[in-house]
>>> print(open('final_5.cif').read())   # mmCIF, N, CA, C and O atoms
data_my_file
loop_
_atom_site.label_atom_id
_atom_site.label_comp_id
_atom_site.auth_asym_id
_atom_site.auth_seq_id
_atom_site.Cartn_x
_atom_site.Cartn_y
_atom_site.Cartn_z
N MET A 52 26.30 0.29 -11.58
CA MET A 52 25.49 -0.35 -10.56
C MET A 52 24.03 -0.33 -10.97
O MET A 52 23.50 0.70 -11.36
N ARG A 53 23.39 -1.46 -10.89
CA ARG A 53 21.99 -1.57 -11.26
C ARG A 53 21.08 -1.05 -10.16
O ARG A 53 21.34 -1.26 -8.99
N THR A 54 20.01 -0.40 -10.55
CA THR A 54 19.00 0.05 -9.61
C THR A 54 17.78 -0.83 -9.82
O THR A 54 17.30 -0.95 -10.94
N ASN A 55 17.30 -1.46 -8.74
CA ASN A 55 16.13 -2.31 -8.94
C ASN A 55 14.94 -1.83 -8.12
O ASN A 55 15.07 -1.06 -7.17
N ILE A 56 13.79 -2.30 -8.53
CA ILE A 56 12.52 -1.91 -7.93
C ILE A 56 12.46 -2.29 -6.45
O ILE A 56 11.97 -1.53 -5.63
N PHE A 57 12.98 -3.44 -6.12
CA PHE A 57 12.91 -3.91 -4.73
C PHE A 57 13.62 -2.97 -3.78
O PHE A 57 13.13 -2.67 -2.69
N ASP A 58 14.78 -2.46 -4.20
CA ASP A 58 15.51 -1.50 -3.37
C ASP A 58 14.77 -0.17 -3.30
O ASP A 58 14.69 0.46 -2.25
N MET A 59 14.22 0.28 -4.43
CA MET A 59 13.48 1.55 -4.46
C MET A 59 12.29 1.54 -3.52
O MET A 59 12.00 2.54 -2.87
N LEU A 60 11.59 0.40 -3.47
CA LEU A 60 10.38 0.29 -2.66
C LEU A 60 10.64 -0.26 -1.27
O LEU A 60 9.72 -0.36 -0.46
N ASN A 61 11.90 -0.65 -1.00
CA ASN A 61 12.27 -1.23 0.28
C ASN A 61 11.40 -2.46 0.61
O ASN A 61 10.78 -2.55 1.67
N ILE A 62 11.34 -3.39 -0.37
CA ILE A 62 10.56 -4.61 -0.22
C ILE A 62 11.45 -5.81 -0.53
O ILE A 62 12.52 -5.67 -1.12
N ARG A 63 10.99 -6.99 -0.13
CA ARG A 63 11.74 -8.21 -0.42
C ARG A 63 11.69 -8.53 -1.91
O ARG A 63 10.75 -8.18 -2.60
N THR A 64 12.70 -9.23 -2.38
CA THR A 64 12.71 -9.68 -3.77
C THR A 64 11.53 -10.62 -3.99
O THR A 64 11.32 -11.55 -3.22
N GLY A 65 10.74 -10.33 -5.01
CA GLY A 65 9.56 -11.14 -5.33
C GLY A 65 9.32 -11.12 -6.82
O GLY A 65 10.22 -10.84 -7.61
N ASN A 66 8.10 -11.37 -7.22
CA ASN A 66 7.72 -11.39 -8.63
C ASN A 66 7.16 -10.04 -9.02
O ASN A 66 6.33 -9.48 -8.32
N ILE A 67 7.60 -9.53 -10.17
CA ILE A 67 7.08 -8.28 -10.72
C ILE A 67 6.43 -8.59 -12.06
O ILE A 67 7.02 -9.25 -12.91
N THR A 68 5.22 -8.09 -12.23
CA THR A 68 4.50 -8.24 -13.49
C THR A 68 4.13 -6.86 -13.99
O THR A 68 3.67 -6.01 -13.22
N LEU A 69 4.36 -6.60 -15.29
CA LEU A 69 3.91 -5.34 -15.89
C LEU A 69 2.46 -5.53 -16.29
O LEU A 69 2.12 -6.48 -17.00
N THR A 70 1.61 -4.64 -15.82
CA THR A 70 0.18 -4.73 -16.12
C THR A 70 -0.24 -3.75 -17.20
O THR A 70 -1.27 -3.94 -17.84
N ASN A 71 0.54 -2.70 -17.40
CA ASN A 71 0.21 -1.71 -18.42
C ASN A 71 1.39 -0.77 -18.60
O ASN A 71 2.15 -0.54 -17.66
N ILE A 72 1.53 -0.24 -19.78
CA ILE A 72 2.51 0.82 -20.04
C ILE A 72 1.76 1.92 -20.78
O ILE A 72 1.17 1.67 -21.84
N ARG A 73 1.75 3.11 -20.18
CA ARG A 73 1.05 4.25 -20.78
C ARG A 73 2.07 5.29 -21.25
O ARG A 73 2.98 5.64 -20.51
N VAL A 74 1.86 5.77 -22.44
CA VAL A 74 2.68 6.86 -22.98
C VAL A 74 1.82 8.11 -22.90
O VAL A 74 0.71 8.15 -23.43
N GLU A 75 2.32 9.12 -22.19
CA GLU A 75 1.56 10.35 -21.96
C GLU A 75 2.36 11.57 -22.39
O GLU A 75 3.56 11.48 -22.60
N LYS A 76 1.66 12.68 -22.48
CA LYS A 76 2.27 13.98 -22.80
C LYS A 76 3.17 13.88 -24.02
O LYS A 76 4.34 14.26 -24.00
N TRP A 77 2.59 13.33 -25.10
CA TRP A 77 3.28 13.22 -26.38
C TRP A 77 4.60 12.47 -26.28
O TRP A 77 5.57 12.77 -26.95
N GLY A 78 4.63 11.49 -25.39
CA GLY A 78 5.81 10.65 -25.26
C GLY A 78 6.84 11.15 -24.27
O GLY A 78 7.84 10.48 -24.02
N SER A 79 6.59 12.31 -23.65
CA SER A 79 7.57 12.84 -22.70
C SER A 79 7.44 12.21 -21.31
O SER A 79 8.29 12.41 -20.45
N GLU A 80 6.35 11.44 -21.09
CA GLU A 80 6.20 10.68 -19.85
C GLU A 80 5.76 9.26 -20.20
O GLU A 80 4.91 9.06 -21.07
N ILE A 81 6.36 8.30 -19.53
CA ILE A 81 5.97 6.90 -19.68
C ILE A 81 5.68 6.35 -18.30
O ILE A 81 6.51 6.49 -17.39
N VAL A 82 4.50 5.77 -18.14
CA VAL A 82 4.08 5.21 -16.86
C VAL A 82 4.07 3.68 -16.99
O VAL A 82 3.36 3.13 -17.83
N VAL A 83 4.89 3.03 -16.17
CA VAL A 83 4.97 1.58 -16.17
C VAL A 83 4.20 1.10 -14.94
O VAL A 83 4.63 1.31 -13.81
N GLU A 84 3.03 0.48 -15.18
CA GLU A 84 2.20 -0.01 -14.09
C GLU A 84 2.61 -1.45 -13.78
O GLU A 84 2.77 -2.26 -14.70
N CYS A 85 2.78 -1.73 -12.50
CA CYS A 85 3.33 -3.02 -12.08
C CYS A 85 2.51 -3.64 -10.96
O CYS A 85 1.78 -2.94 -10.24
N LEU A 86 2.70 -4.93 -10.81
CA LEU A 86 2.12 -5.67 -9.69
C LEU A 86 3.25 -6.46 -9.04
O LEU A 86 3.96 -7.21 -9.72
N TYR A 87 3.42 -6.25 -7.74
CA TYR A 87 4.44 -6.95 -6.95
C TYR A 87 3.76 -8.09 -6.21
O TYR A 87 2.71 -7.90 -5.59
N ARG A 88 4.36 -9.27 -6.29
CA ARG A 88 3.83 -10.42 -5.57
C ARG A 88 4.94 -11.08 -4.75
O ARG A 88 6.00 -11.40 -5.29
N TYR A 89 4.66 -11.24 -3.48
CA TYR A 89 5.48 -12.05 -2.57
C TYR A 89 4.47 -12.67 -1.62
O TYR A 89 4.05 -12.03 -0.66
N PRO A 90 4.01 -13.89 -1.95
CA PRO A 90 2.88 -14.49 -1.22
C PRO A 90 3.03 -14.35 0.29
O PRO A 90 4.11 -14.60 0.82
N PRO A 91 1.96 -13.91 0.94
CA PRO A 91 0.62 -13.63 0.42
C PRO A 91 0.43 -12.19 -0.05
O PRO A 91 -0.67 -11.80 -0.39
N GLU A 92 1.49 -11.38 -0.08
CA GLU A 92 1.35 -9.98 -0.47
C GLU A 92 1.14 -9.82 -1.98
O GLU A 92 1.69 -10.57 -2.77
N GLU A 93 0.35 -8.82 -2.33
CA GLU A 93 0.15 -8.44 -3.73
C GLU A 93 -0.11 -6.93 -3.72
O GLU A 93 -1.10 -6.48 -3.14
N LYS A 94 0.81 -6.16 -4.31
CA LYS A 94 0.73 -4.71 -4.24
C LYS A 94 0.92 -4.11 -5.62
O LYS A 94 1.86 -4.45 -6.34
N ALA A 95 0.04 -3.17 -5.96
CA ALA A 95 0.15 -2.47 -7.23
C ALA A 95 0.95 -1.17 -7.03
O ALA A 95 0.85 -0.53 -5.98
N PHE A 96 1.72 -0.80 -8.03
CA PHE A 96 2.46 0.46 -8.01
C PHE A 96 2.79 0.84 -9.44
O PHE A 96 2.58 0.06 -10.37
N ALA A 97 3.26 2.06 -9.61
CA ALA A 97 3.64 2.52 -10.95
C ALA A 97 4.94 3.31 -10.86
O ALA A 97 5.25 3.93 -9.85
N LEU A 98 5.70 3.25 -11.93
CA LEU A 98 6.90 4.06 -12.09
C LEU A 98 6.62 5.07 -13.19
O LEU A 98 6.29 4.68 -14.32
N ARG A 99 6.69 6.35 -12.85
CA ARG A 99 6.43 7.41 -13.83
C ARG A 99 7.76 8.02 -14.25
O ARG A 99 8.43 8.70 -13.47
N PHE A 100 8.15 7.76 -15.48
CA PHE A 100 9.39 8.31 -16.03
C PHE A 100 9.05 9.64 -16.68
O PHE A 100 8.19 9.71 -17.57
N LYS A 101 9.73 10.70 -16.24
CA LYS A 101 9.44 12.06 -16.72
C LYS A 101 10.57 12.59 -17.59
O LYS A 101 11.71 12.18 -17.45
N ARG A 102 10.18 13.53 -18.44
CA ARG A 102 11.12 14.15 -19.39
C ARG A 102 11.89 13.07 -20.15
O ARG A 102 13.12 13.04 -20.16
N VAL A 103 11.11 12.18 -20.75
CA VAL A 103 11.68 11.07 -21.52
C VAL A 103 12.29 11.61 -22.81
O VAL A 103 11.64 12.33 -23.56
N ARG A 104 13.53 11.27 -23.01
CA ARG A 104 14.25 11.68 -24.23
C ARG A 104 13.98 10.70 -25.36
O ARG A 104 13.80 11.09 -26.50
N SER A 105 13.97 9.41 -25.02
CA SER A 105 13.70 8.40 -26.04
C SER A 105 13.23 7.11 -25.37
O SER A 105 13.49 6.89 -24.19
N SER A 106 12.56 6.29 -26.15
CA SER A 106 12.17 4.96 -25.68
C SER A 106 12.26 4.01 -26.85
O SER A 106 12.13 4.42 -28.01
N GLN A 107 12.50 2.75 -26.53
CA GLN A 107 12.64 1.73 -27.57
C GLN A 107 11.89 0.48 -27.14
O GLN A 107 11.99 0.06 -25.99
N TRP A 108 11.14 -0.09 -28.06
CA TRP A 108 10.40 -1.32 -27.82
C TRP A 108 11.02 -2.42 -28.66
O TRP A 108 11.30 -2.22 -29.84
N ILE A 109 11.19 -3.57 -28.06
CA ILE A 109 11.66 -4.74 -28.78
C ILE A 109 10.64 -5.84 -28.51
O ILE A 109 10.52 -6.33 -27.39
N SER A 110 9.88 -6.21 -29.53
CA SER A 110 8.87 -7.25 -29.38
C SER A 110 9.52 -8.62 -29.43
O SER A 110 10.30 -8.91 -30.33
N VAL A 111 9.20 -9.44 -28.43
CA VAL A 111 9.75 -10.78 -28.35
C VAL A 111 8.69 -11.80 -28.81
O VAL A 111 8.98 -12.72 -29.55
N LYS A 112 7.49 -11.59 -28.37
CA LYS A 112 6.39 -12.51 -28.65
C LYS A 112 5.26 -11.70 -29.28
O LYS A 112 4.36 -11.24 -28.61
N MET A 113 5.33 -11.53 -30.60
CA MET A 113 4.43 -10.62 -31.29
C MET A 113 2.97 -11.07 -31.33
O MET A 113 2.08 -10.26 -31.48
N ASP A 114 2.71 -12.34 -31.20
CA ASP A 114 1.34 -12.83 -31.27
C ASP A 114 0.72 -13.05 -29.89
O ASP A 114 -0.32 -13.68 -29.77
N SER A 115 1.33 -12.49 -28.86
CA SER A 115 0.84 -12.69 -27.50
C SER A 115 -0.48 -11.96 -27.28
O SER A 115 -0.67 -10.83 -27.71
N GLU A 116 -1.40 -12.65 -26.61
CA GLU A 116 -2.67 -12.04 -26.22
C GLU A 116 -2.72 -11.81 -24.72
O GLU A 116 -3.77 -11.50 -24.17
N ASP A 117 -1.58 -11.95 -24.05
CA ASP A 117 -1.50 -11.76 -22.61
C ASP A 117 -1.74 -10.30 -22.25
O ASP A 117 -1.28 -9.39 -22.94
N ASN A 118 -2.48 -10.08 -21.16
CA ASN A 118 -2.70 -8.73 -20.65
C ASN A 118 -1.60 -8.28 -19.71
O ASN A 118 -1.45 -7.10 -19.45
N HIS A 119 -0.86 -9.24 -19.17
CA HIS A 119 0.22 -8.95 -18.24
C HIS A 119 1.50 -9.62 -18.74
O HIS A 119 1.43 -10.61 -19.46
N ALA A 120 2.64 -9.05 -18.34
CA ALA A 120 3.92 -9.62 -18.76
C ALA A 120 4.84 -9.75 -17.56
O ALA A 120 5.14 -8.75 -16.89
N GLN A 121 5.27 -10.95 -17.28
CA GLN A 121 6.18 -11.18 -16.16
C GLN A 121 7.54 -10.59 -16.49
O GLN A 121 8.08 -10.78 -17.57
N VAL A 122 8.10 -9.87 -15.52
CA VAL A 122 9.43 -9.26 -15.70
C VAL A 122 10.48 -10.34 -15.46
O VAL A 122 10.50 -11.00 -14.43
N LEU A 123 11.34 -10.51 -16.45
CA LEU A 123 12.44 -11.46 -16.32
C LEU A 123 13.64 -10.81 -15.66
O LEU A 123 14.30 -11.41 -14.81
N THR A 124 13.93 -9.59 -16.06
CA THR A 124 15.01 -8.80 -15.45
C THR A 124 14.70 -7.32 -15.66
O THR A 124 13.97 -6.96 -16.58
N HIS A 125 15.26 -6.51 -14.79
CA HIS A 125 15.02 -5.07 -14.92
C HIS A 125 16.18 -4.28 -14.32
O HIS A 125 16.95 -4.80 -13.52
N ASP A 126 16.26 -3.04 -14.76
CA ASP A 126 17.21 -2.07 -14.21
C ASP A 126 16.52 -0.72 -14.36
O ASP A 126 16.20 -0.31 -15.47
N VAL A 127 16.23 -0.06 -13.25
CA VAL A 127 15.53 1.23 -13.31
C VAL A 127 16.44 2.32 -13.86
O VAL A 127 15.99 3.36 -14.30
N GLY A 128 17.74 2.06 -13.90
CA GLY A 128 18.66 3.03 -14.48
C GLY A 128 18.99 4.15 -13.53
O GLY A 128 18.86 4.03 -12.31
N GLU A 129 19.35 5.28 -14.11
CA GLU A 129 19.72 6.45 -13.32
C GLU A 129 19.22 7.69 -14.03
O GLU A 129 19.37 7.82 -15.25
N GLY A 130 18.59 8.58 -13.28
CA GLY A 130 18.02 9.79 -13.84
C GLY A 130 19.05 10.73 -14.45
O GLY A 130 20.24 10.42 -14.52
N ASN A 131 18.57 11.88 -14.89
CA ASN A 131 19.39 12.89 -15.54
C ASN A 131 20.09 12.31 -16.78
O ASN A 131 21.20 12.69 -17.12
N TYR A 132 19.42 11.33 -17.42
CA TYR A 132 19.89 10.70 -18.66
C TYR A 132 21.23 9.98 -18.51
O TYR A 132 21.92 9.75 -19.49
N GLN A 133 21.59 9.60 -17.27
CA GLN A 133 22.87 8.96 -17.03
C GLN A 133 22.89 7.50 -17.45
O GLN A 133 23.90 7.02 -17.95
N ARG A 134 21.78 6.77 -17.23
CA ARG A 134 21.70 5.36 -17.60
C ARG A 134 20.24 5.01 -17.87
O ARG A 134 19.36 5.36 -17.08
N THR A 135 19.96 4.33 -18.97
CA THR A 135 18.59 4.00 -19.34
C THR A 135 17.97 2.98 -18.40
O THR A 135 18.66 2.17 -17.81
N ALA A 136 16.65 3.05 -18.31
CA ALA A 136 15.88 2.02 -17.61
C ALA A 136 15.59 0.91 -18.61
O ALA A 136 15.37 1.18 -19.79
N ARG A 137 15.61 -0.34 -18.14
CA ARG A 137 15.34 -1.50 -19.01
C ARG A 137 14.45 -2.49 -18.29
O ARG A 137 14.71 -2.83 -17.14
N PHE A 138 13.43 -2.92 -18.99
CA PHE A 138 12.53 -3.95 -18.48
C PHE A 138 12.44 -5.03 -19.54
O PHE A 138 11.94 -4.78 -20.64
N ALA A 139 12.91 -6.23 -19.24
CA ALA A 139 12.80 -7.37 -20.15
C ALA A 139 11.70 -8.27 -19.62
O ALA A 139 11.74 -8.70 -18.46
N THR A 140 10.71 -8.53 -20.43
CA THR A 140 9.59 -9.39 -20.05
C THR A 140 9.50 -10.56 -21.02
O THR A 140 10.24 -10.62 -22.00
N VAL A 141 8.54 -11.43 -20.77
CA VAL A 141 8.33 -12.56 -21.65
C VAL A 141 7.71 -12.14 -22.98
O VAL A 141 7.72 -12.90 -23.93
N VAL A 142 7.18 -10.92 -23.05
CA VAL A 142 6.51 -10.43 -24.25
C VAL A 142 7.36 -9.42 -25.02
O VAL A 142 7.42 -9.45 -26.24
N ALA A 143 8.01 -8.52 -24.31
CA ALA A 143 8.76 -7.44 -24.96
C ALA A 143 9.81 -6.89 -24.01
O ALA A 143 9.81 -7.19 -22.82
N GLU A 144 10.68 -6.07 -24.57
CA GLU A 144 11.65 -5.32 -23.79
C GLU A 144 11.45 -3.85 -24.08
O GLU A 144 11.21 -3.47 -25.22
N ILE A 145 11.52 -3.02 -23.05
CA ILE A 145 11.42 -1.58 -23.23
C ILE A 145 12.64 -0.93 -22.60
O ILE A 145 13.09 -1.33 -21.53
N VAL A 146 13.18 0.06 -23.30
CA VAL A 146 14.34 0.82 -22.84
C VAL A 146 13.91 2.28 -22.83
O VAL A 146 13.36 2.78 -23.81
N ILE A 147 14.17 2.97 -21.71
CA ILE A 147 13.70 4.35 -21.54
C ILE A 147 14.85 5.24 -21.08
O ILE A 147 15.49 4.97 -20.07
N SER A 148 15.10 6.31 -21.83
CA SER A 148 16.07 7.33 -21.43
C SER A 148 15.27 8.47 -20.80
O SER A 148 14.40 9.04 -21.45
N TYR A 149 15.57 8.80 -19.54
CA TYR A 149 14.72 9.73 -18.80
C TYR A 149 15.53 10.64 -17.89
O TYR A 149 16.70 10.38 -17.61
N ASP A 150 14.85 11.69 -17.40
CA ASP A 150 15.47 12.62 -16.46
C ASP A 150 15.14 12.25 -15.02
O ASP A 150 16.02 12.19 -14.17
N VAL A 151 13.85 11.99 -14.73
CA VAL A 151 13.39 11.73 -13.36
C VAL A 151 12.41 10.57 -13.37
O VAL A 151 11.63 10.43 -14.31
N VAL A 152 12.44 9.75 -12.31
CA VAL A 152 11.43 8.71 -12.13
C VAL A 152 10.78 8.89 -10.77
O VAL A 152 11.46 9.14 -9.78
N ASP A 153 9.45 8.80 -10.75
CA ASP A 153 8.68 8.88 -9.50
C ASP A 153 7.97 7.55 -9.28
O ASP A 153 7.47 6.94 -10.24
N VAL A 154 7.88 7.13 -8.03
CA VAL A 154 7.15 5.93 -7.65
C VAL A 154 5.76 6.37 -7.21
O VAL A 154 5.62 7.27 -6.38
N GLU A 155 4.74 5.74 -7.78
CA GLU A 155 3.35 6.02 -7.40
C GLU A 155 2.77 4.76 -6.76
O GLU A 155 2.74 3.71 -7.39
N LYS A 156 2.38 4.87 -5.48
CA LYS A 156 1.79 3.73 -4.78
C LYS A 156 0.89 4.26 -3.68
O LYS A 156 1.03 5.39 -3.23
N ASP A 157 -0.05 3.44 -3.26
CA ASP A 157 -0.96 3.85 -2.17
C ASP A 157 -0.86 2.92 -0.98
O ASP A 157 -1.82 2.70 -0.27
N TRP A 158 0.30 2.37 -0.73
CA TRP A 158 0.53 1.49 0.41
C TRP A 158 1.78 1.89 1.14
O TRP A 158 2.61 2.59 0.71
#
>>> encode(input="final_5.cif", output="structure tokens")
Amino acid sequence: MRTNIFDMLNIRTGNITLTNIRVEKWGSEIVVECLYRYPPEEKAFALRFKRVRSSQWISVKMDSEDNHAQVLTHDVGEGNYQRTARFATVVAEIVISYDVVDVEKDW
């Protein structure tokens, strides 16, 4: 069963854009910064993946100068290393094997 951001945040299905991905604590934490849009709403939030075992990047559009990447499909996965998180965007795909994910938002 897929886990998606909309269910995690209890929001309507809308557009998700990745605005930044930060690798912290020597790669053991990955923070995926996102922007949710469902006109007229626009809300920023982040997913902090902790105790990351591994991550994989697949570049799709290597010459892109875009600062943001629209999410085409995603699956937040399942913690305790049960199922990887996957984010496919127009620029790249990232796969993260993790123990815990926290949602960071101020709304």
>>> residues_near_point(input="final_5.cif", point="(12.9, -3.6, -4.1)", cutoff="12 Å", atoms="only C-alpha atoms", output="number ranges by chain")
A: 53-67, 87-89, 96, 125-127, 154
>>> resolve_selection(input="final_5.cif", expression="the PyMOL selection byres ((chain A and resi 107) around 8)", output="count of residues only")
14
>>> atom_distance(input="final_5.cif", atom1="atom O of Ala95 in chain A", atom2="atom N of Asp114 in chain A")
27.9 Å
>>> residues_around(input="final_5.cif", residues="Val82 in chain A", least_positions_apart="4", cutoff="4.5 Å", atoms="only N, CA, C and O atoms", output="ChimeraX atom specification")
/A:71-73,98-99
>>> resolve_selection(input="final_5.cif", expression="the PyMOL selection byres ((chain A and resi 151) around 6)", output="list of chain:residue names")
A:Arg99, A:Phe100, A:Lys101, A:Arg102, A:Gly130, A:Asn131, A:Tyr149, A:Asp150, A:Val152, A:Asp153
>>> build_atoms(input="final_5.cif", residues="range 117-127 of chain A", atoms="all heavy atoms", output="PDB file, in the coordinates of the input")
ATOM      1  N   ASP A 117      -1.580 -11.950 -24.050  1.00  0.00           N
ATOM      2  CA  ASP A 117      -1.500 -11.760 -22.610  1.00  0.00           C
ATOM      3  C   ASP A 117      -1.740 -10.300 -22.250  1.00  0.00           C
ATOM      4  O   ASP A 117      -1.280  -9.390 -22.940  1.00  0.00           O
ATOM      5  CB  ASP A 117      -0.121 -12.157 -22.076  1.00  0.00           C
ATOM      6  CG  ASP A 117       0.178 -13.631 -22.283  1.00  0.00           C
ATOM      7  OD1 ASP A 117      -0.783 -14.419 -22.377  1.00  0.00           O
ATOM      8  OD2 ASP A 117       1.361 -13.988 -22.365  1.00  0.00           O
ATOM      9  N   ASN A 118      -2.480 -10.080 -21.160  1.00  0.00           N
ATOM     10  CA  ASN A 118      -2.700  -8.730 -20.650  1.00  0.00           C
ATOM     11  C   ASN A 118      -1.600  -8.280 -19.710  1.00  0.00           C
ATOM     12  O   ASN A 118      -1.450  -7.100 -19.450  1.00  0.00           O
ATOM     13  CB  ASN A 118      -4.047  -8.645 -19.926  1.00  0.00           C
ATOM     14  CG  ASN A 118      -5.211  -8.790 -20.875  1.00  0.00           C
ATOM     15  OD1 ASN A 118      -5.130  -8.410 -22.028  1.00  0.00           O
ATOM     16  ND2 ASN A 118      -6.296  -9.352 -20.390  1.00  0.00           N
ATOM     17  N   HIS A 119      -0.860  -9.240 -19.170  1.00  0.00           N
ATOM     18  CA  HIS A 119       0.220  -8.950 -18.240  1.00  0.00           C
ATOM     19  C   HIS A 119       1.500  -9.620 -18.740  1.00  0.00           C
ATOM     20  O   HIS A 119       1.430 -10.610 -19.460  1.00  0.00           O
ATOM     21  CB  HIS A 119      -0.115  -9.477 -16.844  1.00  0.00           C
ATOM     22  CG  HIS A 119      -1.352  -8.860 -16.275  1.00  0.00           C
ATOM     23  ND1 HIS A 119      -2.427  -9.613 -15.893  1.00  0.00           N
ATOM     24  CD2 HIS A 119      -1.695  -7.582 -16.033  1.00  0.00           C
ATOM     25  CE1 HIS A 119      -3.381  -8.811 -15.427  1.00  0.00           C
ATOM     26  NE2 HIS A 119      -2.952  -7.581 -15.520  1.00  0.00           N
ATOM     27  N   ALA A 120       2.640  -9.050 -18.340  1.00  0.00           N
ATOM     28  CA  ALA A 120       3.920  -9.620 -18.760  1.00  0.00           C
ATOM     29  C   ALA A 120       4.840  -9.750 -17.560  1.00  0.00           C
ATOM     30  O   ALA A 120       5.140  -8.750 -16.890  1.00  0.00           O
ATOM     31  CB  ALA A 120       4.568  -8.736 -19.823  1.00  0.00           C
ATOM     32  N   GLN A 121       5.270 -10.950 -17.280  1.00  0.00           N
ATOM     33  CA  GLN A 121       6.180 -11.180 -16.160  1.00  0.00           C
ATOM     34  C   GLN A 121       7.540 -10.590 -16.490  1.00  0.00           C
ATOM     35  O   GLN A 121       8.080 -10.780 -17.570  1.00  0.00           O
ATOM     36  CB  GLN A 121       6.333 -12.671 -15.882  1.00  0.00           C
ATOM     37  CG  GLN A 121       7.246 -12.943 -14.716  1.00  0.00           C
ATOM     38  CD  GLN A 121       7.382 -14.431 -14.423  1.00  0.00           C
ATOM     39  OE1 GLN A 121       6.672 -15.243 -14.959  1.00  0.00           O
ATOM     40  NE2 GLN A 121       8.315 -14.748 -13.548  1.00  0.00           N
ATOM     41  N   VAL A 122       8.100  -9.870 -15.520  1.00  0.00           N
ATOM     42  CA  VAL A 122       9.430  -9.260 -15.700  1.00  0.00           C
ATOM     43  C   VAL A 122      10.480 -10.340 -15.460  1.00  0.00           C
ATOM     44  O   VAL A 122      10.500 -11.000 -14.430  1.00  0.00           O
ATOM     45  CB  VAL A 122       9.630  -8.083 -14.718  1.00  0.00           C
ATOM     46  CG1 VAL A 122      11.049  -7.549 -14.809  1.00  0.00           C
ATOM     47  CG2 VAL A 122       8.623  -6.982 -15.002  1.00  0.00           C
ATOM     48  N   LEU A 123      11.340 -10.510 -16.450  1.00  0.00           N
ATOM     49  CA  LEU A 123      12.440 -11.460 -16.320  1.00  0.00           C
ATOM     50  C   LEU A 123      13.640 -10.810 -15.660  1.00  0.00           C
ATOM     51  O   LEU A 123      14.300 -11.410 -14.810  1.00  0.00           O
ATOM     52  CB  LEU A 123      12.831 -11.999 -17.698  1.00  0.00           C
ATOM     53  CG  LEU A 123      11.716 -12.700 -18.472  1.00  0.00           C
ATOM     54  CD1 LEU A 123      12.175 -13.032 -19.881  1.00  0.00           C
ATOM     55  CD2 LEU A 123      11.276 -13.950 -17.733  1.00  0.00           C
ATOM     56  N   THR A 124      13.930  -9.590 -16.060  1.00  0.00           N
ATOM     57  CA  THR A 124      15.010  -8.800 -15.450  1.00  0.00           C
ATOM     58  C   THR A 124      14.700  -7.320 -15.660  1.00  0.00           C
ATOM     59  O   THR A 124      13.970  -6.960 -16.580  1.00  0.00           O
ATOM     60  CB  THR A 124      16.385  -9.183 -16.054  1.00  0.00           C
ATOM     61  OG1 THR A 124      17.409  -8.488 -15.342  1.00  0.00           O
ATOM     62  CG2 THR A 124      16.473  -8.841 -17.521  1.00  0.00           C
ATOM     63  N   HIS A 125      15.260  -6.510 -14.790  1.00  0.00           N
ATOM     64  CA  HIS A 125      15.020  -5.070 -14.920  1.00  0.00           C
ATOM     65  C   HIS A 125      16.180  -4.280 -14.320  1.00  0.00           C
ATOM     66  O   HIS A 125      16.950  -4.800 -13.520  1.00  0.00           O
ATOM     67  CB  HIS A 125      13.704  -4.669 -14.247  1.00  0.00           C
ATOM     68  CG  HIS A 125      13.789  -4.671 -12.746  1.00  0.00           C
ATOM     69  ND1 HIS A 125      13.681  -5.823 -12.005  1.00  0.00           N
ATOM     70  CD2 HIS A 125      13.999  -3.675 -11.852  1.00  0.00           C
ATOM     71  CE1 HIS A 125      13.800  -5.527 -10.718  1.00  0.00           C
ATOM     72  NE2 HIS A 125      14.003  -4.228 -10.596  1.00  0.00           N
ATOM     73  N   ASP A 126      16.260  -3.040 -14.760  1.00  0.00           N
ATOM     74  CA  ASP A 126      17.210  -2.070 -14.210  1.00  0.00           C
ATOM     75  C   ASP A 126      16.520  -0.720 -14.360  1.00  0.00           C
ATOM     76  O   ASP A 126      16.200  -0.310 -15.470  1.00  0.00           O
ATOM     77  CB  ASP A 126      18.533  -2.105 -14.971  1.00  0.00           C
ATOM     78  CG  ASP A 126      19.562  -1.111 -14.464  1.00  0.00           C
ATOM     79  OD1 ASP A 126      19.279  -0.381 -13.490  1.00  0.00           O
ATOM     80  OD2 ASP A 126      20.651  -1.059 -15.045  1.00  0.00           O
ATOM     81  N   VAL A 127      16.230  -0.060 -13.250  1.00  0.00           N
ATOM     82  CA  VAL A 127      15.530   1.230 -13.310  1.00  0.00           C
ATOM     83  C   VAL A 127      16.440   2.320 -13.860  1.00  0.00           C
ATOM     84  O   VAL A 127      15.990   3.360 -14.300  1.00  0.00           O
ATOM     85  CB  VAL A 127      14.955   1.595 -11.926  1.00  0.00           C
ATOM     86  CG1 VAL A 127      14.254   2.936 -11.957  1.00  0.00           C
ATOM     87  CG2 VAL A 127      13.983   0.515 -11.466  1.00  0.00           C
TER      88      VAL A 127
END
